[in-house]
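S.K.: You'll find coords_35.pdb just under this line, and it carries PDB, C-alpha atoms, pLDDT in the B column.
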ATOM      1  CA  MET A   1     204.078  99.730 176.516  1.00 43.00           C
ATOM      2  CA  SER A   2     202.794 103.116 177.663  1.00 40.00           C
ATOM      3  CA  THR A   3     199.149 103.589 178.590  1.00 35.00           C
ATOM      4  CA  ARG A   4     198.648 105.806 175.517  1.00 38.00           C
ATOM      5  CA  LEU A   5     200.134 103.250 173.147  1.00 33.00           C
ATOM      6  CA  ALA A   6     198.153 100.432 174.729  1.00 37.00           C
ATOM      7  CA  LEU A   7     194.920 102.401 174.330  1.00 33.00           C
ATOM      8  CA  ALA A   8     195.701 103.182 170.687  1.00 36.00           C
ATOM      9  CA  ALA A   9     196.441  99.518 169.994  1.00 36.00           C
ATOM     10  CA  ALA A  10     193.198  98.455 171.677  1.00 32.00           C
ATOM     11  CA  LEU A  11     191.157 100.969 169.679  1.00 34.00           C
ATOM     12  CA  ALA A  12     192.792  99.848 166.419  1.00 36.00           C
ATOM     13  CA  LEU A  13     192.053  96.213 167.226  1.00 32.00           C
ATOM     14  CA  ALA A  14     188.440  97.030 168.097  1.00 33.00           C
ATOM     15  CA  ALA A  15     188.005  98.945 164.843  1.00 35.00           C
ATOM     16  CA  ALA A  16     189.429  96.039 162.874  1.00 33.00           C
ATOM     17  CA  CYS A  17     187.136  93.588 164.612  1.00 36.00           C
ATOM     18  CA  THR A  18     184.024  95.678 163.954  1.00 39.00           C
ATOM     19  CA  ALA A  19     184.834  96.683 160.351  1.00 42.00           C
ATOM     20  CA  PRO A  20     182.038  95.588 158.020  1.00 50.00           C
ATOM     21  CA  ALA A  21     182.740  92.615 155.794  1.00 65.00           C
ATOM     22  CA  PRO A  22     182.969  93.365 152.056  1.00 75.00           C
ATOM     23  CA  PRO A  23     179.724  92.735 150.169  1.00 83.00           C
ATOM     24  CA  VAL A  24     179.295  89.251 148.747  1.00 85.00           C
ATOM     25  CA  PRO A  25     178.408  89.300 145.016  1.00 91.00           C
ATOM     26  CA  LEU A  26     175.183  87.570 143.966  1.00 96.00           C
ATOM     27  CA  ASP A  27     175.609  85.107 141.094  1.00 97.00           C
ATOM     28  CA  LEU A  28     172.863  86.261 138.724  1.00 97.00           C
ATOM     29  CA  ARG A  29     173.299  83.330 136.358  1.00 97.00           C
ATOM     30  CA  ALA A  30     172.690  80.827 139.106  1.00 97.00           C
ATOM     31  CA  ALA A  31     169.799  82.890 140.506  1.00 97.00           C
ATOM     32  CA  THR A  32     167.997  83.131 137.158  1.00 97.00           C
ATOM     33  CA  GLY A  33     168.993  79.706 135.863  1.00 97.00           C
ATOM     34  CA  GLN A  34     170.442  81.308 132.699  1.00 97.00           C
ATOM     35  CA  ALA A  35     174.112  80.372 132.216  1.00 97.00           C
ATOM     36  CA  ASP A  36     174.504  82.879 129.353  1.00 96.00           C
ATOM     37  CA  LEU A  37     172.972  85.849 131.206  1.00 97.00           C
ATOM     38  CA  ARG A  38     174.784  89.143 130.493  1.00 96.00           C
ATOM     39  CA  PRO A  39     172.645  91.833 132.155  1.00 96.00           C
ATOM     40  CA  SER A  40     172.924  95.410 130.963  1.00 95.00           C
ATOM     41  CA  GLY A  41     170.713  97.271 133.428  1.00 97.00           C
ATOM     42  CA  VAL A  42     169.225  97.223 136.905  1.00 98.00           C
ATOM     43  CA  ALA A  43     166.417  99.357 138.332  1.00 98.00           C
ATOM     44  CA  VAL A  44     164.436  99.880 141.538  1.00 97.00           C
ATOM     45  CA  ASP A  45     160.957 101.395 141.392  1.00 95.00           C
ATOM     46  CA  PRO A  46     159.484 103.690 144.090  1.00 92.00           C
ATOM     47  CA  THR A  47     157.906 100.717 145.917  1.00 92.00           C
ATOM     48  CA  GLY A  48     161.297  98.997 146.255  1.00 94.00           C
ATOM     49  CA  ALA A  49     160.606  96.402 143.532  1.00 96.00           C
ATOM     50  CA  ARG A  50     163.851  95.468 141.774  1.00 98.00           C
ATOM     51  CA  TYR A  51     164.318  94.716 138.082  1.00 98.00           C
ATOM     52  CA  LEU A  52     167.138  93.312 135.963  1.00 98.00           C
ATOM     53  CA  LEU A  53     167.431  93.777 132.184  1.00 98.00           C
ATOM     54  CA  ASP A  54     169.089  91.246 129.882  1.00 97.00           C
ATOM     55  CA  ASP A  55     168.839  91.872 126.139  1.00 94.00           C
ATOM     56  CA  GLU A  56     168.802  88.158 125.344  1.00 95.00           C
ATOM     57  CA  HIS A  57     166.286  86.970 127.941  1.00 97.00           C
ATOM     58  CA  GLY A  58     164.242  90.034 128.910  1.00 97.00           C
ATOM     59  CA  LEU A  59     163.157  91.765 132.101  1.00 98.00           C
ATOM     60  CA  TYR A  60     163.301  90.064 135.501  1.00 98.00           C
ATOM     61  CA  ARG A  61     161.803  91.173 138.793  1.00 98.00           C
ATOM     62  CA  PHE A  62     163.652  90.099 141.929  1.00 97.00           C
ATOM     63  CA  ASP A  63     163.547  90.619 145.678  1.00 93.00           C
ATOM     64  CA  THR A  64     166.145  91.266 148.356  1.00 90.00           C
ATOM     65  CA  GLY A  65     166.322  87.526 149.014  1.00 90.00           C
ATOM     66  CA  GLY A  66     167.549  86.843 145.469  1.00 90.00           C
ATOM     67  CA  ALA A  67     164.373  85.234 144.067  1.00 95.00           C
ATOM     68  CA  PHE A  68     163.967  86.063 140.357  1.00 97.00           C
ATOM     69  CA  GLU A  69     160.887  86.043 138.094  1.00 98.00           C
ATOM     70  CA  LEU A  70     160.917  86.681 134.335  1.00 98.00           C
ATOM     71  CA  VAL A  71     158.117  89.239 133.953  1.00 98.00           C
ATOM     72  CA  LEU A  72     158.703  90.199 130.303  1.00 98.00           C
ATOM     73  CA  PRO A  73     160.541  87.831 127.935  1.00 98.00           C
ATOM     74  CA  ARG A  74     162.667  89.607 125.341  1.00 96.00           C
ATOM     75  CA  ALA A  75     160.596  88.145 122.498  1.00 95.00           C
ATOM     76  CA  ALA A  76     157.425  89.534 124.087  1.00 97.00           C
ATOM     77  CA  MET A  77     158.616  93.123 124.463  1.00 96.00           C
ATOM     78  CA  PRO A  78     156.046  95.486 122.901  1.00 96.00           C
ATOM     79  CA  ASP A  79     156.673  96.932 119.450  1.00 95.00           C
ATOM     80  CA  PRO A  80     157.502 100.646 119.846  1.00 94.00           C
ATOM     81  CA  GLY A  81     156.413 101.379 116.280  1.00 93.00           C
ATOM     82  CA  VAL A  82     159.916 102.377 115.151  1.00 89.00           C
ATOM     83  CA  PRO A  83     163.030 100.292 114.445  1.00 86.00           C
ATOM     84  CA  VAL A  84     165.089  99.451 117.533  1.00 87.00           C
ATOM     85  CA  SER A  85     168.766  99.715 116.625  1.00 80.00           C
ATOM     86  CA  GLY A  86     171.039  97.342 118.501  1.00 84.00           C
ATOM     87  CA  ALA A  87     170.601  95.880 121.953  1.00 90.00           C
ATOM     88  CA  PHE A  88     168.828  97.378 124.941  1.00 94.00           C
ATOM     89  CA  THR A  89     171.616  98.894 127.019  1.00 93.00           C
ATOM     90  CA  ASP A  90     170.130 100.239 130.270  1.00 96.00           C
ATOM     91  CA  LEU A  91     166.925 101.075 132.105  1.00 96.00           C
ATOM     92  CA  VAL A  92     165.646 103.069 135.045  1.00 97.00           C
ATOM     93  CA  ALA A  93     162.300 102.901 136.837  1.00 98.00           C
ATOM     94  CA  ILE A  94     160.315 106.148 136.711  1.00 97.00           C
ATOM     95  CA  GLY A  95     157.264 104.694 138.449  1.00 96.00           C
ATOM     96  CA  PRO A  96     155.750 101.345 139.451  1.00 96.00           C
ATOM     97  CA  GLY A  97     156.105  99.141 136.357  1.00 95.00           C
ATOM     98  CA  ARG A  98     157.219 102.102 134.187  1.00 97.00           C
ATOM     99  CA  PHE A  99     160.723 102.383 132.765  1.00 98.00           C
ATOM    100  CA  ALA A 100     162.897 104.576 130.613  1.00 97.00           C
ATOM    101  CA  ILE A 101     164.933 102.117 128.566  1.00 96.00           C
ATOM    102  CA  THR A 102     167.775 102.783 126.124  1.00 93.00           C
ATOM    103  CA  ALA A 103     168.673 101.007 122.905  1.00 89.00           C
ATOM    104  CA  HIS A 104     171.709 102.305 121.080  1.00 80.00           C
ATOM    105  CA  GLY A 105     171.043 106.027 120.519  1.00 78.00           C
ATOM    106  CA  ALA A 106     167.380 106.309 121.481  1.00 87.00           C
ATOM    107  CA  GLY A 107     165.245 106.059 124.590  1.00 94.00           C
ATOM    108  CA  PHE A 108     161.876 104.368 125.001  1.00 96.00           C
ATOM    109  CA  LEU A 109     159.115 104.364 127.604  1.00 97.00           C
ATOM    110  CA  LEU A 110     158.144 100.851 128.666  1.00 98.00           C
ATOM    111  CA  ASP A 111     154.905 100.415 130.640  1.00 98.00           C
ATOM    112  CA  LEU A 112     154.336  96.913 131.999  1.00 97.00           C
ATOM    113  CA  GLY A 113     150.808  97.698 133.146  1.00 95.00           C
ATOM    114  CA  LEU A 114     149.674  98.923 129.737  1.00 97.00           C
ATOM    115  CA  GLY A 115     151.842  96.459 127.821  1.00 97.00           C
ATOM    116  CA  THR A 116     153.259  99.257 125.661  1.00 97.00           C
ATOM    117  CA  MET A 117     156.592 100.729 124.607  1.00 97.00           C
ATOM    118  CA  ARG A 118     156.992 103.961 122.674  1.00 96.00           C
ATOM    119  CA  PRO A 119     159.737 106.398 121.608  1.00 94.00           C
ATOM    120  CA  TYR A 120     160.562 108.664 124.517  1.00 95.00           C
ATOM    121  CA  PHE A 121     163.815 110.647 124.435  1.00 92.00           C
ATOM    122  CA  GLY A 122     167.209 111.012 122.767  1.00 81.00           C
ATOM    123  CA  GLN A 123     168.255 111.062 119.135  1.00 56.00           C
ATOM    124  CA  ALA A 124     165.321 110.608 116.777  1.00 53.00           C
ATOM    125  CA  PRO A 125     165.813 107.859 114.148  1.00 47.00           C
ATOM    126  CA  GLY A 126     167.143 109.088 110.799  1.00 51.00           C
ATOM    127  CA  THR A 127     168.573 112.411 112.020  1.00 58.00           C
ATOM    128  CA  MET A 128     172.240 111.365 112.235  1.00 60.00           C
ATOM    129  CA  PRO A 129     174.585 112.126 109.298  1.00 65.00           C
ATOM    130  CA  ASP A 130     175.189 109.183 106.983  1.00 69.00           C
ATOM    131  CA  GLY A 131     177.605 106.696 108.476  1.00 71.00           C
ATOM    132  CA  HIS A 132     177.566 108.321 111.900  1.00 75.00           C
ATOM    133  CA  ASP A 133     176.373 106.541 114.996  1.00 79.00           C
ATOM    134  CA  ARG A 134     175.204 107.493 118.473  1.00 80.00           C
ATOM    135  CA  ARG A 135     175.090 105.370 121.618  1.00 84.00           C
ATOM    136  CA  ILE A 136     173.503 105.829 125.014  1.00 89.00           C
ATOM    137  CA  ASP A 137     174.770 103.095 127.311  1.00 90.00           C
ATOM    138  CA  ALA A 138     173.727 104.588 130.656  1.00 93.00           C
ATOM    139  CA  ILE A 139     170.700 106.367 132.052  1.00 95.00           C
ATOM    140  CA  ALA A 140     169.690 107.724 135.463  1.00 97.00           C
ATOM    141  CA  TYR A 141     166.586 109.257 137.019  1.00 97.00           C
ATOM    142  CA  ASP A 142     166.316 112.060 139.564  1.00 95.00           C
ATOM    143  CA  PRO A 143     162.806 111.814 141.055  1.00 94.00           C
ATOM    144  CA  ASP A 144     163.260 115.035 143.035  1.00 93.00           C
ATOM    145  CA  ALA A 145     163.979 117.130 139.922  1.00 94.00           C
ATOM    146  CA  ALA A 146     161.840 114.976 137.563  1.00 95.00           C
ATOM    147  CA  VAL A 147     164.646 114.639 135.031  1.00 96.00           C
ATOM    148  CA  LEU A 148     166.449 111.811 133.275  1.00 97.00           C
ATOM    149  CA  TYR A 149     170.191 111.770 132.662  1.00 95.00           C
ATOM    150  CA  GLY A 150     171.948 110.064 129.759  1.00 93.00           C
ATOM    151  CA  GLN A 151     175.365 110.049 128.123  1.00 90.00           C
ATOM    152  CA  PRO A 152     175.037 110.173 124.321  1.00 89.00           C
ATOM    153  CA  ARG A 153     178.335 109.487 122.526  1.00 87.00           C
ATOM    154  CA  THR A 154     178.795 110.093 118.791  1.00 84.00           C
ATOM    155  CA  PHE A 155     181.020 108.096 116.414  1.00 84.00           C
ATOM    156  CA  ASP A 156     182.001 108.527 112.770  1.00 83.00           C
ATOM    157  CA  ALA A 157     181.659 105.869 110.070  1.00 80.00           C
ATOM    158  CA  GLY A 158     184.946 104.291 111.148  1.00 81.00           C
ATOM    159  CA  GLY A 159     183.832 103.953 114.760  1.00 79.00           C
ATOM    160  CA  ASN A 160     186.045 106.798 115.950  1.00 81.00           C
ATOM    161  CA  PRO A 161     184.592 108.890 118.806  1.00 78.00           C
ATOM    162  CA  LEU A 162     183.548 112.387 117.806  1.00 81.00           C
ATOM    163  CA  GLY A 163     182.031 113.649 121.017  1.00 82.00           C
ATOM    164  CA  SER A 164     180.609 112.737 124.407  1.00 85.00           C
ATOM    165  CA  GLU A 165     177.951 114.612 126.344  1.00 88.00           C
ATOM    166  CA  VAL A 166     175.825 114.310 129.437  1.00 90.00           C
ATOM    167  CA  ALA A 167     172.243 115.247 128.664  1.00 91.00           C
ATOM    168  CA  THR A 168     169.121 115.782 130.724  1.00 94.00           C
ATOM    169  CA  TYR A 169     165.572 115.053 129.557  1.00 95.00           C
ATOM    170  CA  ALA A 170     162.179 115.980 130.976  1.00 96.00           C
ATOM    171  CA  VAL A 171     160.479 112.949 132.505  1.00 96.00           C
ATOM    172  CA  ALA A 172     157.024 114.242 131.594  1.00 95.00           C
ATOM    173  CA  THR A 173     157.730 114.607 127.867  1.00 95.00           C
ATOM    174  CA  GLY A 174     161.192 113.186 127.111  1.00 94.00           C
ATOM    175  CA  ALA A 175     162.214 116.592 125.707  1.00 93.00           C
ATOM    176  CA  ASP A 176     165.892 117.611 125.740  1.00 91.00           C
ATOM    177  CA  LEU A 177     166.670 120.049 128.545  1.00 93.00           C
ATOM    178  CA  THR A 178     170.436 120.512 128.792  1.00 91.00           C
ATOM    179  CA  ARG A 179     173.623 119.125 127.248  1.00 88.00           C
ATOM    180  CA  PHE A 180     177.276 119.637 128.085  1.00 85.00           C
ATOM    181  CA  ALA A 181     180.445 118.011 126.834  1.00 84.00           C
ATOM    182  CA  VAL A 182     182.594 115.653 128.899  1.00 84.00           C
ATOM    183  CA  ALA A 183     185.977 114.098 128.149  1.00 79.00           C
ATOM    184  CA  GLY A 184     185.876 111.672 125.240  1.00 74.00           C
ATOM    185  CA  ASP A 185     187.369 108.835 127.300  1.00 78.00           C
ATOM    186  CA  VAL A 186     184.469 108.946 129.760  1.00 83.00           C
ATOM    187  CA  ALA A 187     182.198 106.134 128.621  1.00 85.00           C
ATOM    188  CA  ALA A 188     179.705 105.343 131.361  1.00 90.00           C
ATOM    189  CA  ARG A 189     177.890 102.017 131.247  1.00 92.00           C
ATOM    190  CA  GLY A 190     175.936 102.727 134.411  1.00 94.00           C
ATOM    191  CA  MET A 191     174.590 105.887 135.980  1.00 95.00           C
ATOM    192  CA  ALA A 192     172.658 106.798 139.135  1.00 96.00           C
ATOM    193  CA  LYS A 193     171.541 109.933 140.977  1.00 94.00           C
ATOM    194  CA  VAL A 194     172.663 109.181 144.523  1.00 93.00           C
ATOM    195  CA  PRO A 195     171.131 111.279 147.330  1.00 89.00           C
ATOM    196  CA  GLY A 196     173.884 113.288 148.984  1.00 86.00           C
ATOM    197  CA  ALA A 197     176.447 112.423 146.290  1.00 86.00           C
ATOM    198  CA  GLY A 198     174.944 113.725 143.053  1.00 89.00           C
ATOM    199  CA  LEU A 199     175.263 112.041 139.674  1.00 92.00           C
ATOM    200  CA  ILE A 200     177.453 108.918 139.761  1.00 93.00           C
ATOM    201  CA  LEU A 201     178.899 107.340 136.593  1.00 92.00           C
ATOM    202  CA  ALA A 202     180.190 103.785 136.333  1.00 93.00           C
ATOM    203  CA  VAL A 203     183.384 103.849 134.256  1.00 91.00           C
ATOM    204  CA  GLY A 204     185.228 100.542 134.101  1.00 92.00           C
ATOM    205  CA  THR A 205     185.231  99.273 137.689  1.00 93.00           C
ATOM    206  CA  GLY A 206     185.118 102.776 139.156  1.00 91.00           C
ATOM    207  CA  LEU A 207     182.275 104.846 140.545  1.00 92.00           C
ATOM    208  CA  CYS A 208     182.864 108.464 139.569  1.00 88.00           C
ATOM    209  CA  SER A 209     181.162 111.686 140.580  1.00 87.00           C
ATOM    210  CA  LEU A 210     180.226 114.203 137.920  1.00 78.00           C
ATOM    211  CA  VAL A 211     180.071 117.908 138.687  1.00 70.00           C
ATOM    212  CA  ARG A 212     179.341 119.658 135.413  1.00 61.00           C
ATOM    213  CA  ASP A 213     182.200 118.426 133.166  1.00 56.00           C
ATOM    214  CA  ASP A 214     184.540 117.382 135.989  1.00 67.00           C
ATOM    215  CA  VAL A 215     184.681 113.619 136.536  1.00 70.00           C
ATOM    216  CA  GLY A 216     186.410 112.298 139.651  1.00 76.00           C
ATOM    217  CA  GLU A 217     186.623 108.736 140.945  1.00 76.00           C
ATOM    218  CA  ILE A 218     185.025 108.054 144.329  1.00 81.00           C
ATOM    219  CA  ILE A 219     185.738 104.361 144.690  1.00 88.00           C
ATOM    220  CA  ASP A 220     187.198 101.540 142.580  1.00 91.00           C
ATOM    221  CA  LEU A 221     185.383  98.221 142.954  1.00 92.00           C
ATOM    222  CA  ALA A 222     188.049  96.103 141.256  1.00 91.00           C
ATOM    223  CA  SER A 223     188.828  94.522 144.635  1.00 89.00           C
ATOM    224  CA  LEU A 224     185.366  92.902 144.513  1.00 89.00           C
ATOM    225  CA  ASP A 225     186.533  90.929 141.460  1.00 87.00           C
ATOM    226  CA  LEU A 226     184.382  92.935 139.044  1.00 91.00           C
ATOM    227  CA  VAL A 227     185.446  93.137 135.397  1.00 92.00           C
ATOM    228  CA  ARG A 228     183.285  96.096 134.326  1.00 94.00           C
ATOM    229  CA  ILE A 229     180.264  97.788 135.855  1.00 96.00           C
ATOM    230  CA  ASP A 230     177.294  97.618 133.468  1.00 95.00           C
ATOM    231  CA  GLY A 231     174.488  99.103 135.547  1.00 96.00           C
ATOM    232  CA  LEU A 232     173.650 101.066 138.696  1.00 97.00           C
ATOM    233  CA  ALA A 233     170.439 101.642 140.634  1.00 97.00           C
ATOM    234  CA  VAL A 234     169.618 103.356 143.912  1.00 96.00           C
ATOM    235  CA  ASP A 235     167.304 101.541 146.309  1.00 96.00           C
ATOM    236  CA  ARG A 236     165.977 104.386 148.470  1.00 93.00           C
ATOM    237  CA  VAL A 237     163.945 101.967 150.573  1.00 91.00           C
ATOM    238  CA  ALA A 238     166.981  99.854 151.519  1.00 94.00           C
ATOM    239  CA  GLY A 239     169.476 102.739 151.413  1.00 94.00           C
ATOM    240  CA  THR A 240     171.766 100.875 149.031  1.00 96.00           C
ATOM    241  CA  LEU A 241     173.320 101.091 145.575  1.00 96.00           C
ATOM    242  CA  LEU A 242     172.920  98.070 143.296  1.00 97.00           C
ATOM    243  CA  VAL A 243     175.892  97.420 140.995  1.00 97.00           C
ATOM    244  CA  ILE A 244     175.909  94.826 138.212  1.00 97.00           C
ATOM    245  CA  ASP A 245     178.771  93.326 136.235  1.00 96.00           C
ATOM    246  CA  GLY A 246     177.374  91.930 132.979  1.00 94.00           C
ATOM    247  CA  ASP A 247     180.546  90.095 131.975  1.00 94.00           C
ATOM    248  CA  ARG A 248     180.653  88.089 135.207  1.00 94.00           C
ATOM    249  CA  GLY A 249     176.883  88.036 135.719  1.00 96.00           C
ATOM    250  CA  GLN A 250     177.123  89.381 139.251  1.00 96.00           C
ATOM    251  CA  LEU A 251     175.316  91.885 141.454  1.00 97.00           C
ATOM    252  CA  VAL A 252     176.901  93.734 144.381  1.00 96.00           C
ATOM    253  CA  GLU A 253     174.950  95.837 146.885  1.00 96.00           C
ATOM    254  CA  LEU A 254     176.692  98.752 148.591  1.00 95.00           C
ATOM    255  CA  ASP A 255     175.586 100.993 151.432  1.00 94.00           C
ATOM    256  CA  LEU A 256     174.875 104.472 150.043  1.00 92.00           C
ATOM    257  CA  ALA A 257     177.119 105.932 152.752  1.00 89.00           C
ATOM    258  CA  ASP A 258     180.089 104.193 151.110  1.00 87.00           C
ATOM    259  CA  VAL A 259     179.695 106.111 147.828  1.00 85.00           C
ATOM    260  CA  ARG A 260     179.244 109.617 149.152  1.00 75.00           C
TER     261      ARG A 260
END
Could the structure of this file be written out as structure tokens, please?
M.R.:
Amino acid sequence: MSTRLALAAALALAAACTAPAPPVPLDLRAATGQADLRPSGVAVDPTGARYLLDDEHGLYRFDTGGAFELVLPRAAMPDPGVPVSGAFTDLVAIGPGRFAITAHGAGFLLDLGLGTMRPYFGQAPGTMPDGHDRRIDAIAYDPDAAVLYGQPRTFDAGGNPLGSEVATYAVATGADLTRFAVAGDVAARGMAKVPGAGLILAVGTGLCSLVRDDVGEIIDLASLDLVRIDGLAVDRVAGTLLVIDGDRGQLVELDLADVR
């Protein structure tokens, strides 16, 4: 073997030996003690506190060691004063103990400190045409621009998709800011504003970047034995992206550098 080939082989072997191991999923059902847990959202507040949303059981707080505490049972969630249609589908922390939380086609502001929840953003109840439906299954927060992102999708009375948009909302008021159409087959169930990568959508098992109406896959996490990604959250303190699979009840933590 030539010196050049030997050096190349040695470098390849060294790279293989030092390659990081794939992340090990956390079993959320075992960690919470709830065998029927099907989480729909995950969030990290500015202090690094982590939260997990399950529509059946409620809101959990957990730490990097995997210790979970139920801080708000589902039955004890505050009354927002308007009907809540369907299940709670996602959440994002906009401050310590403060969350934007989605339920079907509307957004609410949940404040753990005040013990309140009120209408916040999205489609106002009663303004859809008869028989039509709107869903928002994913939400993200950009603290630098002070805006929320959501993906409202509209369906007719037969459940057929009529349109899909990505919308932005003012954090201070919940007012609509911008909307633009995306392909009808883009149905994000998780969303995060990743520093250095922009807005990331979770579609199936893929993490996709969104630049205006152009959606392109960055990485497919099917190799981690995920069925479908149901929530994303950036932990700026740890420099990681939290990914949950509600069907399997698992959480995976990725280095932010791996999704840029």
S.K.: Please expand the PyMOL selection byres ((chain A and resi 235) around 12) into the concrete residues it hits in this file, giving the result as a VMD selection string.
M.R.: chain A and resid 42 to 51 63 to 64 92 to 93 192 to 195 232 to 234 236 to 243 253 to 256
S.K.: In Å, rounded to a single decimal, give me how far atom CA of A:His104 is from atom CA of A:Phe88.
M.R.: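 Computing it gives 6.9 Å between the two atoms.
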S.K.: Write out as a ChimeraX atom specification which residues come within 8 Å of stretch 75-79 of chain A when counting only C-alpha atoms, dropping same-chain ones fewer than 5 positions away.
M.R.: /A:57-58,115-118
S.K.: Output C-alpha atoms for every residue in that selection, as a compact mmCIF listing (two decimals), in the coordinates of the input.
M.R.:
# COMPACT_ATOMS: atom_id res chain seq x y z
CA HIS A 57 166.29 86.97 127.94
CA GLY A 58 164.24 90.03 128.91
CA GLY A 115 151.84 96.46 127.82
CA THR A 116 153.26 99.26 125.66
CA MET A 117 156.59 100.73 124.61
CA ARG A 118 156.99 103.96 122.67
S.K.: So that I can check the surroundings of stretch 108-111 of chain A, please list as a short mmCIF file (atom, residue, chain, number, x, y, z; two decimals) with C-alpha atoms, in the frame of the given file every protein, DNA and RNA residue that reaches within 12 Å of it, counting all atoms listed in the file and ignoring chain neighbours fewer than 4 positions away.
M.R.:
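The result, written out as selection_31.cif:
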data_model
loop_
_atom_site.label_atom_id
_atom_site.label_comp_id
_atom_site.auth_asym_id
_atom_site.auth_seq_id
_atom_site.Cartn_x
_atom_site.Cartn_y
_atom_site.Cartn_z
CA LEU A 59 163.16 91.76 132.10
CA LEU A 72 158.70 90.20 130.30
CA MET A 77 158.62 93.12 124.46
CA PRO A 78 156.05 95.49 122.90
CA ASP A 79 156.67 96.93 119.45
CA PRO A 80 157.50 100.65 119.85
CA GLY A 81 156.41 101.38 116.28
CA VAL A 82 159.92 102.38 115.15
CA PRO A 83 163.03 100.29 114.44
CA VAL A 84 165.09 99.45 117.53
CA SER A 85 168.77 99.72 116.62
CA PHE A 88 168.83 97.38 124.94
CA THR A 89 171.62 98.89 127.02
CA ASP A 90 170.13 100.24 130.27
CA LEU A 91 166.92 101.08 132.10
CA VAL A 92 165.65 103.07 135.04
CA ALA A 93 162.30 102.90 136.84
CA ILE A 94 160.32 106.15 136.71
CA GLY A 95 157.26 104.69 138.45
CA PRO A 96 155.75 101.34 139.45
CA GLY A 97 156.10 99.14 136.36
CA ARG A 98 157.22 102.10 134.19
CA PHE A 99 160.72 102.38 132.76
CA ALA A 100 162.90 104.58 130.61
CA ILE A 101 164.93 102.12 128.57
CA THR A 102 167.78 102.78 126.12
CA ALA A 103 168.67 101.01 122.90
CA HIS A 104 171.71 102.30 121.08
CA GLY A 115 151.84 96.46 127.82
CA THR A 116 153.26 99.26 125.66
CA MET A 117 156.59 100.73 124.61
CA ARG A 118 156.99 103.96 122.67
CA PRO A 119 159.74 106.40 121.61
CA TYR A 120 160.56 108.66 124.52
CA PHE A 121 163.82 110.65 124.44
CA GLY A 122 167.21 111.01 122.77
CA GLN A 123 168.26 111.06 119.14
CA ALA A 124 165.32 110.61 116.78
CA ILE A 136 173.50 105.83 125.01
CA ILE A 139 170.70 106.37 132.05
CA LEU A 148 166.45 111.81 133.28
CA VAL A 171 160.48 112.95 132.50
CA ALA A 172 157.02 114.24 131.59
CA THR A 173 157.73 114.61 127.87
CA GLY A 174 161.19 113.19 127.11
#
S.K.: I need the output of the PyMOL selection byres ((chain A and resi 211) around 12) for this file as a VMD selection string; which residues are they?
M.R.: chain A and resid 166 180 to 182 193 197 to 201 208 to 210 212 to 217
S.K.: In Å, with one decimal, what is the gap from atom CA of A:Ala138 to atom CA of A:Asp220?
M.R.: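 Computing the Euclidean distance for atom CA of A:Ala138 and atom CA of A:Asp220 yields 18.2 Å.
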S.K.: Hey, which of A:Gly249, A:Gly159, A:Gly150, A:Gly113 ends up closest to A:Gly33? Count all atoms listed in the file.
M.R.: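 Ranking A:Gly249, A:Gly159, A:Gly150, A:Gly113 by distance to A:Gly33, first place goes to A:Gly249.
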S.K.: One decimal, Å: what's the distance from atom CA of A:Leu37 over to atom CA of A:Asp185, could you say?
M.R.: 27.4 Å
S.K.: Name the closest residue to A:Leu251 among the candidates A:Ala140, A:Ala187, A:Gly231, A:Ile218; distances are taken between atoms, counting all atoms listed in the file.
M.R.: A:Gly231
S.K.: Listed atoms of stretch 139-145 of chain A, axis-aligned box, 4 Å per side: centre and edge lengths to one decimal in Å, as lines of an AutoDock Vina configuration file?
M.R.:
center_x = 166.8
center_y = 111.7
center_z = 137.5
size_x = 15.9
size_y = 18.8
size_z = 19.0
S.K.: For A:Gly86, which residue among A:Ala67, A:Ala106, A:Ala175, A:Ala183 is the nearest when counting only C-alpha atoms?
M.R.: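 Using only C-alpha atoms, the shortest distance to A:Gly86 belongs to A:Ala106.
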S.K.: Which one of A:Gly131, A:Pro73, A:Gly66, A:Gly190 sits closest to A:Phe155 if you count all atoms listed in the file?
M.R.: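 Distance minimum relative to A:Phe155 lands on A:Gly131.
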S.K.: What's the 7 Å shell around A:Ala202, counting all atoms listed in the file, without same-chain residues fewer than 5 positions away, as a ChimeraX atom specification?
M.R.: /A:188-191,207-208,229
S.K.: So that I have them on file, write out the residues from the current selection with C-alpha atoms, as an mmCIF file, in the coordinates of the input.
M.R.:
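Written output follows (out-v9.cif):
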data_model
loop_
_atom_site.group_PDB
_atom_site.id
_atom_site.type_symbol
_atom_site.label_atom_id
_atom_site.label_comp_id
_atom_site.auth_asym_id
_atom_site.auth_seq_id
_atom_site.Cartn_x
_atom_site.Cartn_y
_atom_site.Cartn_z
ATOM 1 C CA ALA A 188 179.705 105.343 131.361
ATOM 2 C CA ARG A 189 177.890 102.017 131.247
ATOM 3 C CA GLY A 190 175.936 102.727 134.411
ATOM 4 C CA MET A 191 174.590 105.887 135.980
ATOM 5 C CA LEU A 207 182.275 104.846 140.545
ATOM 6 C CA CYS A 208 182.864 108.464 139.569
ATOM 7 C CA ILE A 229 180.264 97.788 135.855
#
S.K.: Counting only C-alpha atoms, which residue out of A:Phe68, A:Pro23, A:Asp142, A:Pro39 sits closest to A:Arg228?
M.R.: A:Pro39
S.K.: Can you pull out the residues contacting A:Val147? Cut-off 8 Å, using only C-alpha atoms, and skip same-chain residues under 2 positions away; I want them as a PyMOL selection string.
M.R.: chain A and resi 141-143+145+149+168-171
S.K.: Between A:Leu53, A:Ile244, A:Leu28, A:Leu226, which has the minimum distance to A:Arg74 (counting all atoms listed in the file)?
M.R.: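 Counting all atoms listed in the file, the residue closest to A:Arg74 is A:Leu53.
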